[in-house]
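Coordinates from structure-v9.txt are shown below (compact mmCIF, C-alpha atoms).
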# COMPACT_ATOMS: atom_id res chain seq x y z
CA MET A 132 -5.86 0.71 -2.71
CA THR A 133 -4.74 2.16 0.53
CA ASP A 134 -4.14 5.70 1.62
CA GLN A 135 -1.11 7.37 3.12
CA PRO A 136 -0.91 8.26 6.80
CA HIS A 137 -0.34 11.62 8.28
CA PRO A 138 3.46 11.44 8.57
CA ALA A 139 4.24 10.00 11.99
CA GLN A 140 7.24 11.00 14.04
CA PRO A 141 8.94 8.74 16.58
CA SER A 142 6.94 8.51 19.76
CA SER A 143 7.30 7.03 23.20
CA HIS A 144 3.60 6.14 23.44
CA SER A 145 3.11 2.64 24.81
CA ALA A 146 0.23 0.25 24.62
CA GLN A 147 -1.58 -0.22 27.92
CA PRO A 148 -2.67 -3.82 28.48
CA SER A 149 -6.29 -4.66 29.12
CA SER A 150 -5.12 -7.60 31.25
CA HIS A 151 -1.97 -8.90 32.92
CA PRO A 152 -0.96 -5.43 34.17
CA GLU A 153 2.13 -6.89 35.81
CA GLN A 154 3.67 -7.43 32.37
CA PRO A 155 5.41 -4.49 30.70
CA ALA A 156 3.54 -3.14 27.69
CA PRO A 157 5.51 -2.87 24.44
CA ALA A 158 6.38 0.59 23.14
CA LEU A 159 4.56 1.47 19.93
CA PHE A 160 5.47 3.91 17.14
CA THR A 161 9.16 4.25 18.00
CA TRP A 162 11.90 3.78 15.42
CA GLU A 163 12.75 0.47 17.09
CA PHE A 164 9.13 -0.61 16.75
CA ALA A 165 9.15 0.38 13.06
CA THR A 166 12.15 -1.89 12.46
CA ASP A 167 10.39 -4.97 13.84
CA PRO A 168 6.81 -4.45 15.04
CA TYR A 169 5.93 -8.14 15.15
CA PRO A 170 6.89 -8.92 18.79
CA ALA A 171 4.75 -5.98 19.96
CA TYR A 172 1.86 -7.14 17.80
CA ALA A 173 2.18 -10.66 19.23
CA TRP A 174 1.88 -9.18 22.73
CA LEU A 175 -1.19 -7.18 21.75
CA ARG A 176 -2.86 -10.20 20.15
CA GLU A 177 -2.46 -12.13 23.40
CA HIS A 178 -3.11 -9.45 26.03
CA ALA A 179 -4.99 -6.57 24.38
CA PRO A 180 -6.36 -7.74 21.01
CA VAL A 181 -8.69 -4.71 20.62
CA HIS A 182 -6.77 -1.92 22.26
CA ARG A 183 -7.27 1.84 22.54
CA THR A 184 -4.07 3.86 22.22
CA ARG A 185 -2.93 7.40 21.49
CA LEU A 186 -1.21 7.67 18.11
CA PRO A 187 1.80 9.92 17.44
CA SER A 188 -0.55 12.42 15.78
CA GLY A 189 -2.46 12.76 19.08
CA VAL A 190 -5.55 10.96 17.80
CA GLU A 191 -6.86 8.10 19.96
CA ALA A 192 -7.89 4.96 18.10
CA TRP A 193 -8.65 1.27 18.57
CA LEU A 194 -6.09 -1.22 17.23
CA VAL A 195 -7.53 -4.58 16.12
CA THR A 196 -4.84 -7.28 15.99
CA ARG A 197 -6.40 -10.78 15.80
CA TYR A 198 -7.24 -12.30 12.41
CA ALA A 199 -10.89 -13.18 13.14
CA ASP A 200 -11.59 -9.74 14.63
CA ALA A 201 -9.74 -8.02 11.77
CA ARG A 202 -11.70 -9.85 9.08
CA GLN A 203 -14.95 -8.98 10.85
CA ALA A 204 -14.03 -5.30 11.19
CA LEU A 205 -12.92 -4.94 7.56
CA ALA A 206 -16.34 -6.11 6.35
CA ASP A 207 -18.49 -4.37 9.00
CA GLN A 208 -20.48 -1.58 7.33
CA ARG A 209 -21.06 0.03 10.73
CA LEU A 210 -17.43 1.11 10.41
CA SER A 211 -17.56 3.99 7.95
CA LYS A 212 -14.72 5.26 5.78
CA ASN A 213 -16.11 8.79 5.85
CA PRO A 214 -14.04 11.05 8.17
CA ALA A 215 -17.20 13.06 8.90
CA HIS A 216 -18.10 10.31 11.37
CA HIS A 217 -15.00 11.00 13.48
CA ASP A 218 -15.93 12.37 16.91
CA GLU A 219 -12.80 14.54 17.16
CA PRO A 220 -13.01 18.32 16.56
CA ALA A 221 -12.82 19.38 12.92
CA HIS A 222 -9.16 20.39 13.19
CA ALA A 223 -8.18 16.84 14.15
CA LYS A 224 -9.71 15.30 11.03
CA GLY A 225 -6.70 16.38 8.99
CA LYS A 226 -4.67 13.94 11.05
CA THR A 227 -6.53 10.90 9.80
CA GLY A 228 -6.01 11.09 6.04
CA ILE A 229 -3.68 12.35 3.34
CA PRO A 230 -2.07 15.73 4.11
CA GLY A 231 -3.55 18.41 1.87
CA GLU A 232 -6.35 16.34 0.34
CA ARG A 233 -9.09 18.43 1.98
CA LYS A 234 -7.73 21.79 0.81
CA ALA A 235 -7.11 20.37 -2.67
CA GLU A 236 -10.75 19.19 -2.88
CA LEU A 237 -9.66 15.59 -3.31
CA MET A 238 -11.71 14.02 -0.51
CA THR A 239 -14.31 12.27 -2.67
CA HIS A 240 -12.29 9.15 -3.42
CA LEU A 241 -12.81 5.47 -2.65
CA LEU A 242 -10.99 5.56 0.68
CA ASN A 243 -13.22 8.28 2.17
CA ILE A 244 -16.70 7.25 1.07
CA ASP A 245 -19.31 4.56 1.73
CA PRO A 246 -22.03 2.98 -0.40
CA PRO A 247 -23.86 3.97 -2.53
CA ASP A 248 -21.25 6.50 -3.74
CA HIS A 249 -18.45 4.00 -3.15
CA THR A 250 -20.30 1.38 -5.21
CA ARG A 251 -20.85 3.82 -8.07
CA LEU A 252 -17.28 5.10 -8.24
CA ARG A 253 -15.68 1.68 -7.80
CA ARG A 254 -17.75 0.30 -10.67
CA LEU A 255 -16.43 3.02 -12.97
CA VAL A 256 -12.77 2.14 -12.44
CA SER A 257 -12.96 -1.60 -11.80
CA LYS A 258 -12.85 -2.35 -15.53
CA ALA A 259 -9.26 -1.05 -15.63
CA PHE A 260 -8.14 -3.73 -13.18
CA THR A 261 -9.88 -6.84 -14.49
CA PRO A 262 -7.63 -9.89 -14.94
CA ARG A 263 -7.92 -9.51 -18.71
CA ARG A 264 -6.91 -5.84 -18.72
CA VAL A 265 -4.03 -6.51 -16.33
CA ALA A 266 -2.84 -9.42 -18.50
CA GLU A 267 -2.86 -7.10 -21.52
CA PHE A 268 -0.66 -4.71 -19.54
CA ALA A 269 1.90 -7.39 -18.64
CA PRO A 270 4.28 -6.70 -21.58
CA ARG A 271 4.50 -3.04 -20.58
CA VAL A 272 5.30 -3.98 -16.98
CA GLN A 273 8.03 -6.34 -18.23
CA GLU A 274 9.40 -3.59 -20.49
CA LEU A 275 9.54 -1.11 -17.60
CA THR A 276 11.14 -3.70 -15.33
CA ASP A 277 13.89 -4.58 -17.78
CA HIS A 278 14.56 -0.93 -18.60
CA LEU A 279 15.03 -0.03 -14.93
CA ILE A 280 17.37 -2.98 -14.31
CA ASP A 281 19.34 -1.98 -17.43
CA GLN A 282 20.06 1.39 -15.80
CA PHE A 283 22.09 -0.12 -12.95
CA ALA A 284 23.03 -3.65 -14.12
CA ARG A 285 26.41 -2.55 -15.51
CA ARG A 286 27.31 -0.77 -12.27
CA GLY A 287 27.26 -3.74 -9.91
CA SER A 288 25.37 -1.90 -7.17
CA ALA A 289 22.06 -0.15 -6.67
CA ASP A 290 19.53 1.15 -4.20
CA LEU A 291 16.61 -1.06 -5.13
CA ILE A 292 14.04 1.24 -3.51
CA HIS A 293 14.84 4.47 -5.35
CA GLU A 294 16.16 2.97 -8.59
CA PHE A 295 13.72 0.10 -9.04
CA ALA A 296 10.84 -0.50 -6.61
CA PHE A 297 9.80 3.17 -6.58
CA PRO A 298 9.80 4.14 -10.29
CA LEU A 299 8.27 0.89 -11.60
CA PRO A 300 4.73 1.34 -10.19
CA ILE A 301 4.82 5.11 -10.77
CA TYR A 302 5.41 4.73 -14.50
CA ALA A 303 2.97 1.81 -14.72
CA ILE A 304 0.07 3.64 -13.09
CA CYS A 305 0.84 6.79 -15.12
CA ASP A 306 0.50 4.71 -18.29
CA LEU A 307 -2.82 3.27 -17.10
CA LEU A 308 -4.15 6.70 -16.18
CA GLY A 309 -3.06 8.21 -19.48
CA VAL A 310 -0.43 10.65 -18.18
CA PRO A 311 1.74 11.60 -21.18
CA ARG A 312 5.26 10.16 -21.03
CA GLU A 313 6.81 13.65 -21.05
CA ASP A 314 4.94 14.50 -17.82
CA GLN A 315 5.60 11.29 -15.90
CA ASP A 316 8.82 12.49 -14.28
CA ASP A 317 6.81 15.28 -12.64
CA PHE A 318 4.55 12.64 -11.14
CA ARG A 319 7.63 10.76 -9.98
CA ASP A 320 8.87 13.90 -8.18
CA TRP A 321 5.51 14.54 -6.50
CA ALA A 322 5.18 10.92 -5.46
CA GLY A 323 8.75 10.97 -4.15
CA MET A 324 7.82 13.77 -1.77
CA MET A 325 4.77 11.83 -0.59
CA ILE A 326 6.69 8.64 0.13
CA ARG A 327 9.23 10.42 2.33
CA HIS A 328 6.65 10.86 5.13
CA GLY A 329 8.33 13.01 7.77
CA GLY A 330 11.68 13.07 5.99
CA GLY A 331 11.04 15.93 3.56
CA PRO A 332 10.51 19.66 4.05
CA ARG A 333 7.63 20.69 6.28
CA GLY A 334 4.41 20.86 4.27
CA GLY A 335 6.03 19.14 1.30
CA VAL A 336 3.37 16.44 1.00
CA ALA A 337 0.52 18.96 0.99
CA ARG A 338 2.30 21.05 -1.65
CA SER A 339 2.83 17.99 -3.83
CA VAL A 340 -0.85 17.10 -3.47
CA LYS A 341 -1.80 20.62 -4.55
CA LYS A 342 0.49 20.47 -7.61
CA MET A 343 -0.87 17.08 -8.58
CA ARG A 344 -4.45 18.36 -8.21
CA GLY A 345 -3.75 21.29 -10.52
CA TYR A 346 -2.12 19.06 -13.09
CA LEU A 347 -4.96 16.53 -13.05
CA ALA A 348 -7.58 19.25 -13.50
CA GLU A 349 -5.72 20.52 -16.57
CA LEU A 350 -5.19 17.01 -17.96
CA ILE A 351 -8.88 16.12 -17.54
CA HIS A 352 -9.82 19.32 -19.37
CA LYS A 353 -7.43 18.56 -22.27
CA LYS A 354 -8.57 14.95 -22.59
CA ARG A 355 -12.24 15.96 -22.54
CA GLU A 356 -11.66 18.37 -25.44
CA ALA A 357 -9.80 15.74 -27.49
CA LEU A 358 -11.97 12.73 -26.58
CA PRO A 359 -12.96 10.70 -29.67
CA ALA A 360 -16.60 9.71 -30.18
CA GLU A 361 -15.85 6.02 -29.61
CA PRO A 362 -13.34 4.52 -27.16
CA ALA A 363 -10.23 2.92 -28.63
CA PRO A 364 -9.12 -0.52 -27.40
CA GLY A 365 -7.21 -0.13 -24.14
CA GLU A 366 -8.40 3.43 -23.60
CA ASP A 367 -6.64 5.11 -20.67
CA LEU A 368 -8.42 5.34 -17.35
CA ILE A 369 -8.83 9.11 -17.17
CA SER A 370 -10.47 9.14 -20.60
CA GLY A 371 -12.76 6.35 -19.41
CA LEU A 372 -13.75 8.38 -16.36
CA ILE A 373 -14.49 11.41 -18.53
CA ARG A 374 -16.51 9.30 -20.96
CA ALA A 375 -18.54 7.88 -18.05
CA SER A 376 -19.24 11.34 -16.64
CA ASP A 377 -20.35 12.54 -20.04
CA HIS A 378 -22.74 9.59 -20.47
CA GLY A 379 -24.95 9.81 -17.44
CA GLU A 380 -22.79 8.47 -14.61
CA HIS A 381 -22.77 11.92 -12.96
CA LEU A 382 -19.08 11.91 -12.21
CA THR A 383 -18.05 15.42 -11.22
CA GLU A 384 -14.68 16.89 -12.16
CA ASN A 385 -13.68 16.75 -8.49
CA GLU A 386 -14.62 13.07 -8.36
CA ALA A 387 -12.65 12.32 -11.53
CA ALA A 388 -9.60 14.18 -10.23
CA ALA A 389 -9.89 12.53 -6.81
CA MET A 390 -10.19 9.11 -8.42
CA ALA A 391 -7.11 9.60 -10.59
CA PHE A 392 -5.24 11.02 -7.60
CA ILE A 393 -6.01 8.16 -5.23
CA LEU A 394 -5.21 5.49 -7.83
CA LEU A 395 -1.74 6.98 -8.18
CA PHE A 396 -1.19 8.05 -4.60
CA ALA A 397 -2.59 4.97 -2.87
CA GLY A 398 -1.55 2.50 -5.52
CA PHE A 399 2.11 3.12 -6.01
CA GLU A 400 3.49 2.82 -2.47
CA THR A 401 1.85 -0.54 -1.85
CA THR A 402 3.82 -1.90 -4.81
CA VAL A 403 7.02 -0.08 -3.81
CA ASN A 404 6.83 -1.84 -0.45
CA LEU A 405 5.79 -5.19 -1.90
CA ILE A 406 8.90 -5.21 -4.10
CA GLY A 407 11.18 -3.74 -1.42
CA ASN A 408 9.98 -5.84 1.52
CA GLY A 409 9.73 -8.93 -0.66
CA THR A 410 13.26 -8.60 -2.03
CA TYR A 411 14.61 -7.98 1.47
CA ALA A 412 12.82 -11.08 2.80
CA LEU A 413 14.29 -13.23 0.02
CA LEU A 414 17.79 -11.87 0.57
CA THR A 415 17.58 -12.68 4.28
CA HIS A 416 16.02 -16.14 3.77
CA PRO A 417 18.52 -17.86 1.43
CA GLY A 418 16.81 -21.25 1.53
CA GLN A 419 13.50 -19.85 0.33
CA ARG A 420 15.25 -17.71 -2.28
CA ARG A 421 17.08 -20.76 -3.63
CA ARG A 422 13.78 -22.67 -3.98
CA LEU A 423 12.32 -19.79 -5.98
CA GLU A 424 15.40 -19.43 -8.19
CA GLU A 425 15.35 -23.15 -9.01
CA SER A 426 11.65 -22.92 -9.83
CA LEU A 427 12.21 -19.94 -12.12
CA ALA A 428 15.08 -21.75 -13.85
CA ARG A 429 12.61 -24.52 -14.71
CA ARG A 430 10.26 -21.83 -16.10
CA GLU A 431 7.63 -22.69 -13.51
CA THR A 432 5.31 -19.98 -12.22
CA GLU A 433 3.42 -21.65 -9.37
CA LEU A 434 5.99 -20.97 -6.62
CA LEU A 435 6.36 -17.37 -7.82
CA ALA A 436 2.60 -16.87 -7.46
CA THR A 437 2.29 -18.50 -4.03
CA GLY A 438 5.55 -16.83 -3.02
CA VAL A 439 4.24 -13.32 -3.63
CA GLU A 440 1.15 -14.14 -1.56
CA GLU A 441 3.40 -15.36 1.26
CA LEU A 442 5.54 -12.21 1.07
CA LEU A 443 2.34 -10.16 1.34
CA ARG A 444 1.42 -12.10 4.47
CA PHE A 445 4.87 -12.31 6.05
CA ASP A 446 5.91 -8.65 5.82
CA GLY A 447 3.33 -6.93 3.66
CA PRO A 448 3.33 -3.37 2.31
CA VAL A 449 0.31 -2.21 4.32
CA GLU A 450 0.78 -2.44 8.08
CA LEU A 451 -2.57 -0.99 9.14
CA ALA A 452 -5.75 -0.78 7.06
CA THR A 453 -6.92 2.75 6.41
CA TRP A 454 -9.13 4.64 8.83
CA ARG A 455 -12.60 3.53 9.82
CA PHE A 456 -15.06 5.30 12.14
CA ALA A 457 -17.86 3.69 14.15
CA THR A 458 -21.29 5.01 13.15
CA GLU A 459 -23.09 3.29 16.05
CA PRO A 460 -22.16 1.29 19.16
CA LEU A 461 -20.61 -2.06 18.25
CA THR A 462 -18.48 -4.82 19.73
CA ILE A 463 -15.23 -6.16 18.28
CA GLY A 464 -13.46 -8.99 20.04
CA GLY A 465 -15.52 -8.43 23.17
CA GLN A 466 -14.60 -4.74 23.31
CA ARG A 467 -17.29 -2.06 23.10
CA ILE A 468 -16.60 0.63 20.49
CA ALA A 469 -18.42 3.96 20.82
CA PRO A 470 -19.90 5.93 17.89
CA GLY A 471 -17.30 8.22 16.34
CA ASP A 472 -14.33 6.18 17.56
CA PRO A 473 -11.58 5.54 14.98
CA VAL A 474 -10.71 1.89 14.35
CA LEU A 475 -7.45 0.76 12.77
CA VAL A 476 -7.19 -2.88 11.70
CA VAL A 477 -3.58 -4.04 12.05
CA LEU A 478 -3.13 -6.24 8.99
CA ALA A 479 0.48 -7.04 9.91
CA ALA A 480 -0.66 -8.46 13.27
CA ALA A 481 -3.65 -10.36 11.87
CA ASP A 482 -1.52 -12.00 9.17
CA ARG A 483 0.79 -13.49 11.80
CA ASP A 484 -2.00 -14.77 14.05
CA PRO A 485 -1.15 -18.37 15.08
CA GLU A 486 -4.86 -19.06 15.44
CA ARG A 487 -5.13 -18.70 11.64
CA PHE A 488 -1.69 -19.49 10.20
CA ALA A 489 0.56 -22.41 11.09
CA ASP A 490 4.07 -21.23 12.02
CA PRO A 491 3.13 -17.62 11.21
CA ASP A 492 6.62 -16.22 11.81
CA VAL A 493 8.14 -18.63 9.27
CA LEU A 494 8.49 -17.59 5.62
CA ASP A 495 7.19 -20.44 3.43
CA LEU A 496 6.86 -19.50 -0.24
CA ALA A 497 4.87 -22.67 -0.92
CA ARG A 498 2.25 -21.94 1.77
CA ARG A 499 -1.14 -23.05 0.46
CA ASP A 500 -3.80 -22.05 2.97
CA ASN A 501 -2.94 -18.38 2.78
CA GLN A 502 -6.03 -16.19 2.93
CA HIS A 503 -4.04 -13.23 4.17
CA LEU A 504 -5.49 -9.75 4.63
CA GLY A 505 -2.61 -7.95 2.94
CA TYR A 506 -4.97 -6.25 0.47
CA GLY A 507 -7.90 -5.99 2.85
CA HIS A 508 -11.27 -7.69 2.81
CA GLY A 509 -14.85 -6.74 1.98
CA ILE A 510 -16.06 -3.93 -0.24
CA HIS A 511 -12.85 -1.95 0.24
CA TYR A 512 -10.61 -4.81 -0.91
CA CYS A 513 -7.70 -3.28 -2.83
CA LEU A 514 -8.90 -2.43 -6.33
CA GLY A 515 -5.41 -2.53 -7.78
CA ALA A 516 -4.38 -5.87 -6.23
CA PRO A 517 -4.20 -7.70 -9.62
CA LEU A 518 -1.84 -5.04 -11.00
CA ALA A 519 0.28 -5.00 -7.83
CA ARG A 520 0.61 -8.78 -7.94
CA LEU A 521 1.68 -8.62 -11.60
CA GLU A 522 4.28 -5.95 -10.82
CA GLY A 523 5.55 -7.84 -7.78
CA GLN A 524 5.90 -11.14 -9.62
CA THR A 525 7.54 -9.51 -12.64
CA ALA A 526 9.99 -7.49 -10.56
CA LEU A 527 11.10 -10.34 -8.28
CA ALA A 528 11.47 -12.81 -11.15
CA ALA A 529 13.56 -10.33 -13.16
CA LEU A 530 15.85 -9.48 -10.24
CA LEU A 531 16.54 -13.11 -9.37
CA THR A 532 17.12 -14.27 -12.95
CA ARG A 533 19.07 -11.27 -14.26
CA LEU A 534 21.17 -10.70 -11.11
CA PRO A 535 21.68 -14.23 -9.72
CA ASP A 536 24.30 -13.22 -7.13
CA LEU A 537 22.25 -10.29 -5.79
CA ARG A 538 23.16 -9.62 -2.15
CA LEU A 539 22.64 -7.02 0.53
CA ALA A 540 25.27 -4.27 0.64
CA ALA A 541 24.50 -3.31 4.23
CA ASP A 542 24.04 -4.97 7.59
CA PRO A 543 20.28 -5.60 8.05
CA ALA A 544 20.53 -3.82 11.41
CA GLU A 545 21.61 -0.66 9.59
CA LEU A 546 18.56 -0.50 7.32
CA ARG A 547 15.90 2.02 8.24
CA TRP A 548 12.15 1.74 7.80
CA ARG A 549 10.06 4.77 6.88
CA GLY A 550 8.20 6.36 9.76
CA GLY A 551 4.47 6.26 9.14
CA LEU A 552 1.27 4.73 10.36
CA ILE A 553 -0.39 2.90 7.46
CA MET A 554 2.42 1.70 5.21
CA ARG A 555 5.46 -0.45 5.98
CA GLY A 556 8.54 -0.09 3.79
CA LEU A 557 12.29 0.40 3.73
CA ARG A 558 13.85 3.81 3.15
CA THR A 559 16.67 2.24 1.13
CA LEU A 560 17.74 -1.24 0.04
CA PRO A 561 21.42 -1.16 -1.03
CA VAL A 562 22.52 -4.23 -2.98
CA GLU A 563 25.59 -5.50 -4.83
CA PHE A 564 26.03 -8.01 -7.66
CA THR A 565 28.37 -8.91 -10.49
CA PRO A 566 28.05 -6.20 -13.17
CA ARG A 567 26.03 -7.38 -16.16
CA THR A 568 26.01 -6.15 -19.72

Can I see the file as structure tokens?
Amino acid sequence: MTDQPHPAQPSSHSAQPSSHPEQPAPALFTWEFATDPYPAYAWLREHAPVHRTRLPSGVEAWLVTRYADARQALADQRLSKNPAHHDEPAHAKGKTGIPGERKAELMTHLLNIDPPDHTRLRRLVSKAFTPRRVAEFAPRVQELTDHLIDQFARRGSADLIHEFAFPLPIYAICDLLGVPREDQDDFRDWAGMMIRHGGGPRGGVARSVKKMRGYLAELIHKKREALPAEPAPGEDLISGLIRASDHGEHLTENEAAAMAFILLFAGFETTVNLIGNGTYALLTHPGQRRRLEESLARRETELLATGVEELLRFDGPVELATWRFATEPLTIGGQRIAPGDPVLVVLAAADRDPERFADPDVLDLARRDNQHLGYGHGIHYCLGAPLARLEGQTALAALLTRLPDLRLAADPAELRWRGGLIMRGLRTLPVEFTPRT
């Protein structure tokens, strides 16, 4: 899973090259950059592969852009996930995580801790995301997918972000967590505020975090009181966390709430963007889309599986890996990093590194040698990756088979990408198609 950034506003900050000063440095973190960051990342890979820059939030951090350096940094345990290692004053630490998580006492989750606590907490929830458990959940994901398409299929038009890519993972993760169906629309509202980044009312994300924290505390209390002596098959994740804490795993209520919170908060937007970015890439690459449609018509699944991996590499949902902080002096890509310095691994840049991928700017759904970093690497590899892959494959297959003449309803130049630091996703994705009964 990955966390949300502090909402970033447009900025005129530019990268300063470590070499070739006669060449103009690309502007970073502008709206133009958000639309297509890949040329700027190509420049950084060549001229300043490990580069210190000031982020829109005011925090200075190192950007790591080459694949080999990125893979090393993601697995380097000298780079801590704990914000306590940040050398900035205490007030700046709120700029490096999820707005409101500190005040809501939700800091003790997988994205903010290191071993041994990370190992202990990850072990408790990993059973919910095993291939077997995810496979058992596949019919529910298909049911949700079909239901959402049913809502707009008769109309002949839709915004695939808000009507499809956004609600699908919200309802799926709510089911896994054990959030009652009658409460899931509240979660959808809170998550909707979080995904808007800077576009909602001031302080809206922090307020949504606080509401979610209060709800989770109450839900954990209710489930603990009603918990049966023995777990039922397919027991929900929150009940499993409670059962573990009541049987010697020493999981505090704050840890249980933080775990449930981060699984929802960090898990849903990665899938929103996988579906949104992936659909957009297929709609703008008709040859690749046609190959996939022909494969699906033959009831083959191989190209769908390799295709989702390629979409994760080509324009993945997570642009930068979540925050890391140096705990001692270290060197990445020949650059010395001081203790306390923040390090941000740019997954989007690493996954288009020509030193690792042939023709990296070409979308090839059949690409074989595709060890992309879209879900990270090392001990913080995305816990929910199997579920996200299932949701992505199910969603794309259903769209292409049920709406065969699906097409963009806007000029690609008119589409806007959400402002933010960690995630990469479209604000809207308007489409048209022949109405279907």

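Candidate residues A:Pro300, A:Gly407, A:Pro155, A:Pro180 were compared for distance to A:Arg271, and the nearest is A:Pro300, using all atoms listed in the file.
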
A straight line from atom CA of A:Met343 to atom CA of A:Leu308 spans 13.3 Å

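Atom pair atom CA of A:Asp320 / atom CA of A:Glu545 has a distance of 26.3 Å (rounded to one decimal).
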
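Minimum distance to A:Pro448 across A:Ala519, A:Ala199, A:Leu537, A:Leu394 (counting all atoms listed in the file) occurs at A:Ala519.
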
So for stretch 509-528 of chain A, what box centre and size do we get, axis-aligned, 3 Å extra on each of the six sides, every listed atom, Å to one decimal, as JSON?
{"center_x": -2.3, "center_y": -7.4, "center_z": -5.3, "size_x": 33.5, "size_y": 16.9, "size_z": 20.6}

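Closest approach to A:Phe396 from the set A:Arg558, A:Arg499, A:Arg520, A:Arg319 is made by A:Arg319, with distances taken over all atoms listed in the file.
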
So that each row is one residue of stretch 392-506 of chain A with an atom at most 12 Å from stretch 284-292 of chain A, can you give its shortest atom pair and the distance in Å to one decimal, using only C-alpha atoms, rows by chain and rising number, as CSV?
residue,atom,partner,partner_atom,distance
A:Glu400,CA,A:Ile292,CA,10.7
A:Thr402,CA,A:Ile292,CA,10.8
A:Val403,CA,A:Ile292,CA,7.1
A:Asn404,CA,A:Ile292,CA,8.4
A:Leu405,CA,A:Ile292,CA,10.6
A:Ile406,CA,A:Ile292,CA,8.3
A:Gly407,CA,A:Ile292,CA,6.1
A:Asn408,CA,A:Ile292,CA,9.6
A:Gly409,CA,A:Leu291,CA,11.4
A:Thr410,CA,A:Leu291,CA,8.8
A:Tyr411,CA,A:Leu291,CA,9.8

Please identify all polymer residues within 9 Å of stretch 415-418 of chain A, counting only C-alpha atoms, omitting same-chain residues fewer than 5 positions from it, and present them as an MDAnalysis selection string.
chainID A and resid 410 423 494 539 543

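Each of A:Tyr506, A:Phe297, A:Phe160, A:Trp193 was checked against A:Ala457 using only C-alpha atoms; the smallest atom-to-atom distance is that of A:Trp193.
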
Measure the distance from atom CA of A:Gly464 to atom CA of A:Val181 in Å and round it to one decimal.
6.4 Å
